[in-house]
>>> print(open('my_file-v2.txt').read())   # compact mmCIF, C-alpha atoms and all ligand atoms
# COMPACT_ATOMS: atom_id res chain seq x y z
CA MET A 1 15.23 -22.74 29.67
CA ASP A 2 16.82 -19.47 28.56
CA LEU A 3 13.89 -17.06 28.10
CA LYS A 4 16.15 -14.58 26.28
CA LEU A 5 15.33 -11.79 28.72
CA THR A 6 18.96 -11.15 29.69
CA LYS A 7 19.80 -7.43 29.37
CA LYS A 8 16.28 -6.56 28.20
CA SER A 9 15.37 -3.15 29.60
CA VAL A 10 12.14 -3.37 31.60
CA VAL A 11 10.10 -0.44 32.94
CA ILE A 12 7.62 -1.46 35.63
CA THR A 13 5.18 0.79 37.45
CA GLY A 14 4.04 -0.18 40.93
CA GLY A 15 7.08 -2.39 41.41
CA ALA A 16 7.39 -1.59 45.13
CA SER A 17 4.47 -3.78 46.25
CA ASN A 18 2.90 -7.22 46.04
CA ILE A 19 2.34 -8.19 42.36
CA GLY A 20 4.59 -5.52 40.81
CA ARG A 21 7.33 -6.37 43.29
CA ALA A 22 7.15 -10.09 42.41
CA ILE A 23 7.31 -9.24 38.69
CA ALA A 24 10.36 -7.01 39.16
CA LEU A 25 12.15 -9.73 41.13
CA LYS A 26 11.24 -12.51 38.68
CA LEU A 27 12.54 -10.47 35.74
CA ALA A 28 15.66 -9.73 37.78
CA GLU A 29 16.26 -13.49 38.06
CA GLU A 30 16.20 -13.57 34.25
CA GLY A 31 19.04 -11.02 34.14
CA ALA A 32 17.00 -8.05 32.85
CA TYR A 33 17.67 -4.34 33.46
CA ILE A 34 14.95 -3.19 35.85
CA THR A 35 13.59 0.35 36.20
CA VAL A 36 10.92 0.60 38.90
CA GLY A 37 8.61 3.63 38.83
CA ASP A 38 6.69 4.02 42.06
CA ILE A 39 5.38 6.75 44.32
CA ASP A 40 6.88 4.98 47.36
CA ILE A 41 10.55 5.44 46.52
CA HIS A 42 11.79 4.11 49.86
CA THR A 43 10.19 0.66 49.41
CA ALA A 44 11.02 0.67 45.70
CA ASP A 45 14.70 1.15 46.63
CA GLN A 46 14.53 -1.97 48.82
CA VAL A 47 13.03 -3.98 45.92
CA VAL A 48 15.75 -2.75 43.59
CA ARG A 49 18.49 -3.84 46.02
CA LEU A 50 16.88 -7.28 46.17
CA ALA A 51 16.64 -7.32 42.35
CA VAL A 52 20.39 -6.80 42.07
CA ASP A 53 20.97 -9.66 44.55
CA LYS A 54 18.74 -11.89 42.44
CA GLY A 55 20.72 -11.27 39.26
CA ALA A 56 19.38 -8.15 37.53
CA ALA A 57 21.83 -6.82 34.94
CA GLY A 58 21.11 -3.44 36.54
CA ALA A 59 18.29 -1.91 38.59
CA GLN A 60 17.15 1.59 39.45
CA THR A 61 14.15 3.36 40.94
CA VAL A 62 12.58 6.53 39.60
CA HIS A 63 10.17 8.41 41.79
CA THR A 64 7.02 8.44 39.66
CA ASP A 65 3.41 9.52 39.94
CA VAL A 66 1.73 7.54 37.16
CA THR A 67 -1.20 9.95 37.04
CA VAL A 68 1.11 12.77 35.87
CA THR A 69 2.13 12.51 32.21
CA THR A 70 5.46 14.33 32.60
CA SER A 71 6.39 12.08 35.54
CA VAL A 72 5.82 8.97 33.41
CA GLU A 73 7.80 10.51 30.55
CA ASN A 74 10.66 11.08 32.98
CA LEU A 75 10.49 7.43 34.12
CA PHE A 76 11.03 6.16 30.57
CA ALA A 77 13.67 8.80 29.86
CA GLN A 78 15.65 7.56 32.89
CA ALA A 79 15.42 3.94 31.70
CA LYS A 80 16.69 4.96 28.26
CA ALA A 81 19.43 7.17 29.77
CA ILE A 82 20.84 4.39 31.96
CA TYR A 83 20.12 1.24 29.93
CA GLY A 84 20.01 2.67 26.41
CA LYS A 85 16.56 1.41 25.44
CA VAL A 86 13.14 0.22 26.64
CA ASP A 87 12.17 -3.30 25.56
CA ILE A 88 9.36 -4.20 27.96
CA PHE A 89 6.76 -2.12 29.80
CA ILE A 90 4.72 -3.58 32.64
CA ASN A 91 1.91 -1.54 34.15
CA SER A 92 1.14 -2.85 37.61
CA VAL A 93 -0.21 0.22 39.42
CA GLY A 94 -3.90 -0.13 40.20
CA TRP A 95 -6.16 0.93 43.02
CA ASP A 96 -9.69 0.48 44.36
CA LYS A 97 -11.84 1.25 47.37
CA PRO A 98 -14.69 -1.24 47.13
CA MET A 99 -18.25 -0.13 47.94
CA PRO A 100 -21.68 -0.29 46.29
CA PHE A 101 -21.84 2.01 43.25
CA ILE A 102 -24.73 3.97 44.75
CA GLU A 103 -22.48 5.06 47.63
CA THR A 104 -19.66 6.32 45.37
CA ASP A 105 -19.10 9.93 44.32
CA PRO A 106 -17.34 11.68 41.42
CA GLU A 107 -14.23 12.29 43.51
CA LEU A 108 -13.78 8.55 44.01
CA TRP A 109 -14.59 7.89 40.31
CA GLN A 110 -11.80 10.30 39.35
CA GLN A 111 -9.32 8.58 41.63
CA ILE A 112 -10.13 5.11 40.31
CA VAL A 113 -10.07 6.22 36.65
CA GLN A 114 -6.79 8.10 37.17
CA LEU A 115 -4.98 5.26 38.94
CA ASN A 116 -6.26 2.38 36.81
CA PHE A 117 -6.65 3.86 33.34
CA PHE A 118 -5.24 7.36 32.79
CA SER A 119 -1.98 6.03 34.27
CA LEU A 120 -2.01 3.17 31.76
CA LEU A 121 -2.57 5.60 28.87
CA ASN A 122 0.43 7.61 30.09
CA GLY A 123 2.58 4.48 30.22
CA CYS A 124 1.50 2.94 26.92
CA LYS A 125 1.83 6.16 24.88
CA THR A 126 5.33 6.78 26.24
CA ALA A 127 6.40 3.12 25.90
CA LEU A 128 5.34 3.07 22.25
CA GLU A 129 7.34 6.21 21.53
CA TYR A 130 10.45 4.22 22.52
CA MET A 131 9.43 0.85 21.08
CA VAL A 132 8.13 1.80 17.62
CA PRO A 133 11.45 3.28 16.38
CA ASN A 134 13.20 0.14 17.75
CA LEU A 135 10.79 -2.13 15.87
CA GLY A 136 10.10 -4.33 18.88
CA GLY A 137 8.78 -4.58 22.39
CA ALA A 138 6.24 -6.05 24.77
CA ILE A 139 3.60 -4.28 26.84
CA ILE A 140 1.83 -6.12 29.64
CA ALA A 141 -0.96 -4.50 31.61
CA ILE A 142 -2.00 -5.99 34.93
CA SER A 143 -5.77 -6.10 34.61
CA SER A 144 -8.13 -8.13 36.83
CA GLU A 145 -10.70 -10.90 36.78
CA ALA A 146 -13.10 -8.08 37.65
CA SER A 147 -12.77 -7.05 33.98
CA ARG A 148 -14.33 -10.30 32.81
CA GLN A 149 -17.71 -10.44 34.49
CA GLY A 150 -18.05 -7.36 36.70
CA GLU A 151 -17.43 -7.50 40.42
CA PRO A 152 -19.97 -6.32 43.02
CA ASN A 153 -18.71 -3.23 44.91
CA GLU A 154 -16.11 -2.58 42.22
CA ALA A 155 -18.16 -0.95 39.46
CA ILE A 156 -15.67 1.69 38.30
CA TYR A 157 -12.62 -0.51 38.89
CA SER A 158 -14.18 -3.39 36.90
CA SER A 159 -15.01 -0.98 34.08
CA MET A 160 -11.48 0.40 33.97
CA LYS A 161 -10.01 -3.09 33.92
CA ALA A 162 -12.34 -4.03 31.03
CA ALA A 163 -11.06 -0.88 29.30
CA THR A 164 -7.53 -2.11 30.02
CA ASN A 165 -8.16 -5.38 28.14
CA SER A 166 -9.72 -3.45 25.28
CA LEU A 167 -6.79 -1.02 25.09
CA MET A 168 -4.33 -3.91 24.90
CA LYS A 169 -6.27 -5.43 22.00
CA THR A 170 -6.35 -2.14 20.10
CA LEU A 171 -2.66 -1.44 20.69
CA ALA A 172 -1.87 -5.03 19.66
CA ARG A 173 -3.66 -4.45 16.34
CA GLU A 174 -2.06 -1.05 15.75
CA ASN A 175 1.48 -2.06 16.66
CA GLY A 176 1.89 -5.70 15.62
CA ARG A 177 3.46 -4.42 12.37
CA TYR A 178 6.29 -3.00 14.52
CA HIS A 179 6.76 -6.38 16.26
CA ILE A 180 5.29 -5.01 19.48
CA ARG A 181 3.09 -7.41 21.46
CA CYS A 182 0.46 -6.11 23.89
CA ASN A 183 -1.29 -8.35 26.41
CA ALA A 184 -3.18 -8.16 29.70
CA VAL A 185 -2.92 -10.45 32.71
CA CYS A 186 -6.02 -10.83 34.90
CA PRO A 187 -5.26 -11.88 38.48
CA GLY A 188 -7.87 -13.10 40.89
CA LEU A 189 -7.60 -12.25 44.57
CA THR A 190 -3.86 -12.14 45.34
CA PHE A 191 -3.28 -11.02 48.89
CA PRO A 192 0.25 -9.75 49.63
CA GLU A 193 2.56 -11.95 51.63
CA GLU A 194 4.02 -10.43 54.79
CA GLY A 195 6.64 -7.77 54.13
CA THR A 196 5.72 -7.25 50.47
CA MET A 197 3.49 -4.16 50.69
CA SER A 198 4.50 -0.59 49.97
CA SER A 199 3.25 2.36 52.03
CA SER A 200 0.82 3.22 49.18
CA SER A 201 -0.50 -0.33 48.70
CA MET A 202 -4.29 -0.47 48.34
CA TRP A 203 -4.20 -3.37 50.79
CA LEU A 204 -3.40 -1.10 53.72
CA GLU A 205 -6.89 0.42 53.42
CA ASN A 206 -8.62 -2.74 52.22
CA ALA A 207 -7.34 -5.35 54.67
CA HIS A 208 -10.87 -5.68 56.12
CA MET A 209 -11.91 -7.28 52.81
CA VAL A 210 -9.92 -10.35 53.70
CA ALA A 211 -10.45 -10.47 57.47
CA ASP A 212 -12.36 -13.15 59.41
CA GLY A 213 -11.56 -16.14 57.24
CA LYS A 214 -12.63 -14.44 54.01
CA LEU A 215 -9.42 -15.49 52.25
CA GLU A 216 -10.08 -19.15 53.04
CA GLN A 217 -13.73 -18.79 51.92
CA SER A 218 -12.62 -17.27 48.63
CA ALA A 219 -10.11 -20.08 48.09
CA ARG A 220 -12.76 -22.75 48.67
CA LYS A 221 -14.91 -21.32 45.84
CA LEU A 222 -12.16 -21.67 43.22
CA PRO A 223 -11.80 -24.78 41.02
CA LEU A 224 -8.16 -25.06 42.14
CA ARG A 225 -9.20 -24.51 45.80
CA LYS A 226 -6.30 -22.12 46.49
CA LEU A 227 -5.65 -18.41 46.09
CA GLY A 228 -2.98 -17.11 43.77
CA ARG A 229 0.35 -15.75 44.99
CA ALA A 230 2.08 -12.73 43.51
CA GLU A 231 4.65 -15.16 42.13
CA ASP A 232 1.95 -16.92 40.04
CA ILE A 233 1.15 -13.63 38.33
CA ALA A 234 4.86 -12.84 37.90
CA ASN A 235 5.53 -16.20 36.19
CA THR A 236 2.82 -15.47 33.62
CA VAL A 237 4.12 -11.95 33.02
CA VAL A 238 7.64 -13.28 32.44
CA PHE A 239 6.24 -15.81 29.95
CA LEU A 240 4.39 -13.05 28.07
CA ALA A 241 7.40 -10.73 28.18
CA SER A 242 9.61 -13.35 26.54
CA ASP A 243 9.62 -13.32 22.72
CA LYS A 244 11.00 -16.84 22.88
CA CYS A 245 7.96 -18.15 24.83
CA ALA A 246 5.18 -15.83 23.67
CA GLY A 247 6.45 -14.41 20.38
CA HIS A 248 3.16 -15.24 18.62
CA ILE A 249 0.83 -14.12 21.43
CA THR A 250 -0.70 -10.65 21.29
CA GLY A 251 -3.99 -8.95 22.13
CA GLN A 252 -4.83 -11.51 24.82
CA ALA A 253 -6.17 -11.22 28.35
CA VAL A 254 -4.82 -14.15 30.37
CA SER A 255 -6.52 -15.10 33.64
CA VAL A 256 -4.30 -16.23 36.52
CA SER A 257 -6.94 -16.89 39.13
CA GLY A 258 -7.32 -20.60 39.91
CA GLY A 259 -10.23 -20.74 37.47
CA TYR A 260 -12.34 -17.91 38.97
CA SER A 261 -13.55 -17.03 35.48
CA MET A 262 -13.35 -19.13 32.34
CA MET A 263 -13.62 -17.52 28.93
CA GLY A 264 -14.18 -19.11 25.54
N1 LIG A 301 -3.86 -8.12 44.49
C1 LIG A 301 -4.99 -8.52 43.96
O1 LIG A 301 -5.82 -9.23 44.56
C2 LIG A 301 -5.35 -8.09 42.56
C3 LIG A 301 -6.40 -8.74 41.90
C4 LIG A 301 -6.69 -8.36 40.61
C5 LIG A 301 -5.97 -7.37 39.98
N2 LIG A 301 -4.96 -6.74 40.65
C6 LIG A 301 -4.21 -5.69 39.97
O2 LIG A 301 -2.83 -5.97 40.07
C7 LIG A 301 -2.09 -4.76 40.15
C8 LIG A 301 -1.17 -4.80 41.35
O3 LIG A 301 -1.94 -5.01 42.53
P1 LIG A 301 -1.25 -5.10 43.96
O4 LIG A 301 -2.09 -5.95 44.82
O5 LIG A 301 0.19 -5.43 43.76
O6 LIG A 301 -1.40 -3.56 44.42
P2 LIG A 301 -0.66 -2.72 45.56
O7 LIG A 301 -1.62 -1.67 45.95
O8 LIG A 301 -0.10 -3.61 46.61
O9 LIG A 301 0.58 -2.05 44.78
C9 LIG A 301 0.39 -0.93 43.94
C10 LIG A 301 1.71 -0.19 43.80
O10 LIG A 301 1.46 1.04 43.09
C11 LIG A 301 2.13 2.12 43.76
N3 LIG A 301 1.39 3.36 43.49
C12 LIG A 301 0.19 3.75 44.01
N4 LIG A 301 -0.15 4.95 43.51
C13 LIG A 301 0.83 5.32 42.66
C14 LIG A 301 1.05 6.45 41.82
N5 LIG A 301 0.16 7.47 41.75
N6 LIG A 301 2.17 6.50 41.06
C15 LIG A 301 3.08 5.48 41.12
N7 LIG A 301 2.94 4.40 41.90
C16 LIG A 301 1.82 4.31 42.65
C17 LIG A 301 2.14 1.72 45.24
O11 LIG A 301 3.15 2.38 45.96
C18 LIG A 301 2.37 0.22 45.11
O12 LIG A 301 3.75 -0.05 45.06
C19 LIG A 301 -3.11 -3.64 40.16
O13 LIG A 301 -3.27 -3.14 38.85
C20 LIG A 301 -4.38 -4.33 40.62
O14 LIG A 301 -5.53 -3.67 40.16
C21 LIG A 301 -4.63 -7.08 41.93
>>> encode(input="my_file-v2.txt", output="structure tokens", more="lines below")
Ligand SMILES: NC(=O)c1ccc[n+]([C@@H]2O[C@H](COP(=O)([O-])OP(=O)(O)OC[C@H]3O[C@@H](n4cnc5c(N)ncnc54)[C@H](O)[C@@H]3O)[C@@H](O)[C@H]2O)c1
Amino acid sequence: MDLKLTKKSVVITGGASNIGRAIALKLAEEGAYITVGDIDIHTADQVVRLAVDKGAAGAQTVHTDVTVTTSVENLFAQAKAIYGKVDIFINSVGWDKPMPFIETDPELWQQIVQLNFFSLLNGCKTALEYMVPNLGGAIIAISSEASRQGEPNEAIYSSMKAATNSLMKTLARENGRYHIRCNAVCPGLTFPEEGTMSSSSMWLENAHMVADGKLEQSARKLPLRKLGRAEDIANTVVFLASDKCAGHITGQAVSVSGGYSMMG
């Protein structure tokens, strides 16, 4: 099926690693223009080369620190300069260092808020400045199942992901009149496949979370009895990005987690 994503101009943050990488490559297969904003420019460059091989209409990297407003503004300006417009924004950067809340400190709170929420505010505000005058667009924030029910050892992260879902709903209400759709996707545990991590991936520090058979244990607890792959998340993002598939879907938080949480 033609998803009508050919030559759509996509800006994606965190596209060098795991989930963001899979999203960039999946949209490349649909013939989109891809602009990857990531702090790890070396790995992002490799993803962009792969994106071109997979059929992207064009692909570029822009060295970006999503916590710095001017850096995010530059990312979008580069997408507009090279591809003439911004049709789709995907926010995939996120970060956590799990531990009981009582052991956390304000420095860690700052880091988690900056990387999961302030960064999203930077991206959404800038994306809308391009999309509103064009009377169209799609914003997709990668949230988490932690947003749904709270996750032990992830108090601030869970809160920021709940804020992510809420922001998408508010932006959906404010901007539907401009034909801009805003949705969140909530992955469950999605461990990177070999060779798909950037040098700033949170998994480099958090690999112990999935050591000693913990991945298999987690899979056994899910209704579908298997963990998600980055590609599962990417397929859902592509669906939501496509006006043809999801033209009447906005303000939603969609779980892609093998049934870890069930809302409704
Ligand atoms: N993987 C999972 O199990 C899982 C589960 C639920 C939700 N999520 C969410 O999905 C998203 C992607 O997760 P992932 O597993 O792909 O993460 P990851 O850590 O592997 O990738 C994050 C990317 O962001 C980049 N990055 C880090 N700091 C940056 C900065 N300041 N500026 C620009 N880029 C920066 C990294 O280089 C990397 O490419 C995140 O929002 C995460 O919270 C992941």
>>> closest_residue(input="my_file-v2.txt", among="A:Ile90, A:Leu121, A:Val185, A:Ala207", to="Ser147 in chain A", atoms="only C-alpha atoms")
A:Val185
>>> residues_near_ligand(input="my_file-v2.txt", ligand="ligand LIG 301 (chain A)", cutoff="6 Å", atoms="all atoms listed in the file", output="JSON, numbers by chain")
{"A": [14, 15, 16, 17, 18, 19, 20, 38, 39, 40, 64, 65, 66, 67, 92, 93, 94, 95, 142, 143, 144, 187, 188, 189, 190, 191, 197, 198, 200, 201, 202, 203]}
>>> residues_around(input="my_file-v2.txt", residues="range 77-80 of chain A", least_positions_apart="6", cutoff="10 Å", atoms="only C-alpha atoms", output="ChimeraX atom specification")
/A:9-11,33-37,59-62,71,86-87,126,130
>>> atom_distance(input="my_file-v2.txt", atom1="CA of Leu3 in chain A", atom2="CA of Asn235 in chain A")
11.7 Å
>>> residues_near_point(input="my_file-v2.txt", point="(14.0, -6.5, 48.1)", cutoff="12 Å", atoms="only C-alpha atoms", output="PyMOL selection string")
chain A and resi 15-18+20-26+28+42-54+56+59+195-198
>>> write_last_selection(input="my_file-v2.txt", atoms="C-alpha atoms", output="compact mmCIF listing (two decimals), in the coordinates of the input")
# COMPACT_ATOMS: atom_id res chain seq x y z
CA GLY A 15 7.08 -2.39 41.41
CA ALA A 16 7.39 -1.59 45.13
CA SER A 17 4.47 -3.78 46.25
CA ASN A 18 2.90 -7.22 46.04
CA GLY A 20 4.59 -5.52 40.81
CA ARG A 21 7.33 -6.37 43.29
CA ALA A 22 7.15 -10.09 42.41
CA ILE A 23 7.31 -9.24 38.69
CA ALA A 24 10.36 -7.01 39.16
CA LEU A 25 12.15 -9.73 41.13
CA LYS A 26 11.24 -12.51 38.68
CA ALA A 28 15.66 -9.73 37.78
CA HIS A 42 11.79 4.11 49.86
CA THR A 43 10.19 0.66 49.41
CA ALA A 44 11.02 0.67 45.70
CA ASP A 45 14.70 1.15 46.63
CA GLN A 46 14.53 -1.97 48.82
CA VAL A 47 13.03 -3.98 45.92
CA VAL A 48 15.75 -2.75 43.59
CA ARG A 49 18.49 -3.84 46.02
CA LEU A 50 16.88 -7.28 46.17
CA ALA A 51 16.64 -7.32 42.35
CA VAL A 52 20.39 -6.80 42.07
CA ASP A 53 20.97 -9.66 44.55
CA LYS A 54 18.74 -11.89 42.44
CA ALA A 56 19.38 -8.15 37.53
CA ALA A 59 18.29 -1.91 38.59
CA GLY A 195 6.64 -7.77 54.13
CA THR A 196 5.72 -7.25 50.47
CA MET A 197 3.49 -4.16 50.69
CA SER A 198 4.50 -0.59 49.97
>>> atom_distance(input="my_file-v2.txt", atom1="CA of Pro223 in chain A", atom2="CA of Glu193 in chain A")
22.0 Å
>>> residues_around(input="my_file-v2.txt", residues="Gly251 in chain A", least_positions_apart="5", cutoff="10 Å", atoms="all atoms listed in the file", output="MDAnalysis selection string")
chainID A and resid 140 165:173 176 181:184
>>> atom_distance(input="my_file-v2.txt", atom1="CA of Ser119 in chain A", atom2="CA of Lys161 in chain A")
12.2 Å
>>> residues_around(input="my_file-v2.txt", residues="Gly259 in chain A", least_positions_apart="3", cutoff="9 Å", atoms="only C-alpha atoms", output="list of chain:residue names")
A:Gly188, A:Leu222, A:Pro223, A:Leu224, A:Ser255, A:Val256, A:Met262
>>> closest_residue(input="my_file-v2.txt", among="A:Ile180, A:Ala81, A:Cys245, A:Met1", to="Leu128 in chain A", atoms="only C-alpha atoms")
A:Ile180
>>> closest_residue(input="my_file-v2.txt", among="A:Cys124, A:Ala141, A:Gln111, A:Phe117", to="Gln252 in chain A", atoms="all atoms listed in the file")
A:Ala141
>>> closest_residue(input="my_file-v2.txt", among="A:Leu27, A:Val238, A:Ala253, A:Asp243", to="Glu145 in chain A", atoms="all atoms listed in the file")
A:Ala253
>>> closest_residue(input="my_file-v2.txt", among="A:Gly84, A:Pro106, A:Gly258, A:Gly264", to="Ile233 in chain A", atoms="all atoms listed in the file")
A:Gly258
>>> closest_residue(input="my_file-v2.txt", among="A:Thr13, A:Arg225, A:Glu107, A:Lys7", to="Ala32 in chain A", atoms="only C-alpha atoms")
A:Lys7
>>> residues_around(input="my_file-v2.txt", residues="His179 in chain A", least_positions_apart="3", cutoff="10 Å", atoms="only C-alpha atoms", output="ChimeraX atom specification")
/A:131-132,134-138,172,175-176,182,243,247-248,250
